[in-house]
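S.K.: Sharing a structure here in structure tokens format.
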Amino acid sequence: MSQPIPTSAADWNSFFYIAITIAMVALAIVIGAMIYFVVKYREQKGQPKFVPDFTPKKSTAKDSVIFALISVIILASLVTASYTLVPNARFEPSDPKILVIDVTAFQWDWRFGYPNGVTTLGNVTLPGNTTIMFNVTSADVMHNFYLVQFRVSTEAVPGRYNVIWVTTPVATGNEVYTYNIYCKELCGVGHTFMDAVMTIVSPAAYEKWLASQMPSNSTATGG
Amino acid sequence: MKAIVFSIKEWLTTTHHKQIGILYIVTAIFFMAVAGMLGEMMRTQLAVPMNNFLTAFDYEQTVTLHGLLMILWVLTPLAAGIANYVVPLQIGAKDLAFPRMNATSYWTYLFSGVMMISTVFLPGGGPDTGWTLYAPLNTIQFTPQPGMTLAVLGLLLLSLSITMSSINFLTTIVKNRAKGVTWRRLPLFTWSIVFTMALALFAFPPLAAGLLLLSSDRFLGTVFFSSTQGGGILWDELFWFFGHPEVYIVVFPALGVIAEVFQTFAKKPLFSRNVFIIEFAAVAFLSMGVWMHHMFTTGVNYSVLQTFSFTTLAISVPFEGLVLALVLTLYKSHITLNTPMLYCLGAIFTVTLGGITGVLQAFPVLDYTFNGTYWIVGHFHYVMAGTTLFALLAGLYYWWPKITKRKYNEKFGVITFLVAFVGFNVLYFPYFFLIAMPRRIFTYTVASGFASANLVATIGAYVFGPAAAVAVLVLILSLRNPVLKEANPWEAQELEWTQNYQHLPGSPTAPSSTEVAVDPPAKKSAGQWYWCMTGSCKQPRPTLSGRKKLAFQRKQGSISGKSLMPEEKSGE
């Protein structure tokens with residue numbers, strides 16, 4: 001079953017592939033040069049014995065200046081790339097209709113709290129094409145809330161709320177998309193199977209589902 | 001029989017830097033065998049989905065012990081062992097500045113390692129928190145087993161040992177250099193130890209502070225780390241303020257060894273030596289200011305993200321400069337491709353790949369995904385397991401004729417390297433494809449899609465582990481080889497080979513009692529010194545054979561073993 005790639009993951013992937021390509025080119029240059037030098041300047045059998053000369057050469061300032069200049073250029077381009085990309089994942093989106101979901105991690109499951117007081121365990125159902133704000137905390141030890149296919153994560157720290165935003169993929173009809181949520185921080189023996197499922201349905205189906213979750217007796221839920 | 005008892009007593013009470021160096025190396029290799037076996041156990045468990053070779057609790061203990069042992073009890077002390085042997089020879093010092101403190105460091109290290117391994121045999125098991133020991137999982141509420149408490153104490157003891165070592169080495173290198181060995185002429189391995197030990201001096205106190213607070217939590221019931229008012233983050237800060245410099249503490253000696261080996265076997269001085277040392281200093285300085293990049297996902301604010309993204313990218317520039325200087329040394333050189341050289345070339349490959357993947361992690365956006373996944377595991381195994389292990393093995397092979405006066409079997413050495421290098425890459429390269437797989441999970445389902453990469457990695461582990469063991473075996477087997485006649489079989493240029501005696505003119509520790517003293521060369525100017533080191537100038541060499549020399553030293557009373565409380569000689 002092919003599922004839509006969330007926008008955050010698409011952004012992530014495109015940046016990752018650019019970055020990894022540049023990185024691999026850099027790796028190929030360094031390692032290629034090394035292998036070339038080794039092959040070219042390898043000592044062959046039968047060559048006359050080479051007497052090394054370790055007399056210290058006058059070090060020229062030119063070397064250092066070229067080194068420094070190249071360094072500054074590389075650093076400037078890296079930092080520019082990093083600074084323009086940081087906001088993507090950290091800044092509050094301007095969408096006024098944000099759905100806020102409280103996420104509480106505990107040993108060893110996830111509890112999701114909806115604005116109307118409904119809580120679920122290990123499964124979060126969300127409407128499509130909506131900006132979701134996850135308000136993540138922990139009830140005991142550190143966990144890490146990892147939306148695998150969305151390529152975002154945040155630490156679940158006891159006594160502290162960390163916030164991440166994602167935009168869910170479009171779902172209008174009867175589609176049901178499921179995405180995985182893993183815990184990325186070792187949190188005890190149950191760490192391995194501390195996962196949850198995110199189910200994306202159309203907004204209409206979501207409303208229906210939410211209504212079905214509302215308890216008939218009003219005593220069951222708190223704010 | 002009597003002789004054996006005597007020699008055991010000698011080894012137990014020694015304060016001589018060479019013997020302590022050998023003790024460090026042997027002990028580190030023993031711990032490496034233990035931690036390597038733990039690694040093989042983990043790979044066996046992860047070979048196929050839903051395996052039940054280890055239980056979840058056993059697996060988490062294995063993960064923790066493997067990480068702690070490898071980083072703190074194997075890589076750092078193995079470098080310290082080589083440094084113990086080589087640094088005094090390179091700078092022309094009789095011994096380290098505080099020989100008895102050196103012995104104390106070693107025994108503290110050994111005892112703390114035994115403590116750490118014994119934790120898993122205690123009732124309730126050992127620590128199962130990962131090597132980072134994150135709070136509040138490390139508090140008594142979540143890990144009540146006494147093994148965890150013992151592990152904390154073991155770590156405290158190790159901090160003590162390493163702090164003593166770092167003070168000892170720094171004092172030695174600053175104060176006990178022979179007159180001719182100025183800072184500018186200091187051999188590169190010694191330079192790398194200067195930066196390593198300077199970092200250790202500043203990195204371990206935060207760890208010790210954190211461990212003291214944690215002990216207080218566990219013994220006295222304080223709530224430093226169990227508090228919900230930032231206890232977990234407090235541990236993160238203290239731990240990573242130690243943890244990031246620790247990475248460089250592990251990698252620096254490796255770069256020092258590579259520089260030495262390249263100079264010897266490429267028969268060429270290092271490319272832009274001064275810039276190399278300045279870059280070393282820059283990396284050391286910056287490494288104290290990048291620890292927050294381990295915490296990008298803990299919800300730190302935007303300006304902190306920007307700052308630490310900047311410093312992390314900044315450190316990659318001088319670091320890559322170090323690697324480039326090493327590679328450019330090979331330009332127009334005359335390379336002898338033997339075992340130490342091959343290990344160093346392998347280490348250059350792993351440090352470049354590990355370093356470049358590390359640069360990607362400096363981008364917070366990318367790190368939100370990488371953090372806590374097998375990508376990170378792949379990255380740091382390339383940097384630490386690959387670079388440091390290969391380079392330190394290169395160091396052992398390189399200085400083996402110095403330490404044992406014997407040559408290993410070159411053919412075995414080369415074949416072992418090739419197998420180990422291939423096995424290493426088969427083991428760790430698939431990790432870069434496991435971006436979705438969280439670290440420290442003890443098994444996975446078929447549906448997760450992690451199976452094929454994990455199987456390949458396990459096959460690699462079954463090749464790499466035995467190959468690393470054989471690499472050590474090749475060295476051990478060489479002890480049966482005949483004693484070398486020449487003192488400098490590599491025709492190396494550095495002081496520990498060319499100056500085959502302990503003290504150089506003007507050494508504060510002269511006259512040496514630990515080596516046969518020979519006439520010092522006449523005082524020379526800077527250029528002449530190097531000319532002299534190439535062996536062109538007449539240089540008297542000690543003529544006594546190894547055995548006679550030992551007898552001579554015994555007579556002099558320089559190799560300790562006369563009493564359980566060895567006499568410390570004054571520095572006159």
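Residues are named by chain letter and number: chains run A, B, ... in the order of the structure tokens, numbers start at 1 in each chain, and ligands are numbered from 1 in the order shown.
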Check which residues of chain A sit at most 6 Å from chain B using only C-alpha atoms, and return one row each with the closest pair of atoms and their distance in Å to one decimal, ordered by chain and rising number, as CSV.
M.R.:
```
residue,atom,partner,partner_atom,distance
A:Met34,CA,B:Val327,CA,5.7
A:Phe37,CA,B:Tyr331,CA,5.8
A:Tyr41,CA,B:His334,CA,5.4
A:Arg42,CA,B:Ile335,CA,4.6
A:Glu43,CA,B:Ile335,CA,5.4
A:Pro52,CA,B:Lys267,CA,5.4
A:Phe54,CA,B:Pro269,CA,5.9
A:Thr55,CA,B:Tyr530,CA,5.8
A:Ser71,CA,B:Val317,CA,5.8
A:Ser82,CA,B:Phe363,CA,5.4
A:Val86,CA,B:Val365,CA,5.8
A:Val141,CA,B:Pro136,CA,5.3
A:Arg151,CA,B:Thr369,CA,5.3
A:Val152,CA,B:Tyr368,CA,5.4
A:Ser153,CA,B:Tyr368,CA,5.4
A:Thr154,CA,B:Thr297,CA,4.9
A:Glu155,CA,B:Thr298,CA,4.8
A:Pro158,CA,B:Thr228,CA,5.5
A:Gly159,CA,B:Thr228,CA,4.5
A:Asn162,CA,B:Gly299,CA,5.4
A:Lys184,CA,B:Pro438,CA,5.0
A:Val189,CA,B:Phe57,CA,5.4
A:Thr192,CA,B:Ile441,CA,4.5
```
S.K.: List as a list in words the protein and nucleic acid residues near Gln213 (chain A), meaning an atom at most 10 Å away when only C-alpha atoms are counted, but skip any in the same chain fewer than 2 places from it.
M.R.: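 The filter keeps Gly117, Val118, Thr119, Thr120, Glu207, Lys208, Trp209, Leu210, Ala211, Pro215 and Ser216 of chain A.
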S.K.: Produce a file of the selected residues containing C-alpha atoms, as a PDB file, in the first residue's frame.
M.R.:
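And here's out_10.pdb as it stands now:
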```
ATOM      1  CA  GLY A 117     -10.564  15.435  26.796  1.00  0.00           C
ATOM      2  CA  VAL A 118     -10.545  12.165  24.920  1.00  0.00           C
ATOM      3  CA  THR A 119      -7.423  10.100  25.593  1.00  0.00           C
ATOM      4  CA  THR A 120      -6.109   7.138  23.668  1.00  0.00           C
ATOM      5  CA  GLU A 207     -15.035  14.036  13.667  1.00  0.00           C
ATOM      6  CA  LYS A 208     -17.111  10.880  13.593  1.00  0.00           C
ATOM      7  CA  TRP A 209     -14.365   8.899  15.266  1.00  0.00           C
ATOM      8  CA  LEU A 210     -13.842  11.562  17.925  1.00  0.00           C
ATOM      9  CA  ALA A 211     -17.572  11.595  18.728  1.00  0.00           C
ATOM     10  CA  PRO A 215     -17.651   8.573  26.889  1.00  0.00           C
ATOM     11  CA  SER A 216     -21.419   8.411  27.384  1.00  0.00           C
TER      12      SER A 216
END
```
S.K.: Do you know which residues are at most 7 Å from region 109-121 of chain B counting only C-alpha atoms, after dropping those on the same chain fewer than 3 positions away, and could you put them as a list in words?
M.R.: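 Skipping anything fewer than 3 positions along the chain leaves Trp73, Ser105, Tyr106, Gly125, Gly126, Gly147, Leu150, Ala151, Gly154, Leu155, Leu157, Leu158 and Ser161 of chain B.
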S.K.: In Å, how far is it from CA of Val456 (chain B) to CA of Phe412 (chain B)?
M.R.: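 These two atoms are separated by 25.8 Å.
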S.K.: List every residue of region 22-178 of chain A that DSSP, applied to the backbone of this structure, places in strand (DSSP E or B), and write the result as a ChimeraX atom specification.
M.R.: /A:42,99-106,109-113,119-121,123-127,131-138,143-147,152-156,158,162-167,177-178
S.K.: Would you mind reading off the distance between CA of Leu211 (chain B) and CA of Leu153 (chain B), one decimal, in Å?
M.R.: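 If I compute the distance from CA of Leu211 (chain B) to CA of Leu153 (chain B), I get 7.8 Å.
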S.K.: To one decimal place in Å, what is the distance between CA of Arg100 (chain B) and CA of Lys405 (chain B)?
M.R.: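 According to the coordinates, CA of Arg100 (chain B) and CA of Lys405 (chain B) are separated by 26.2 Å.
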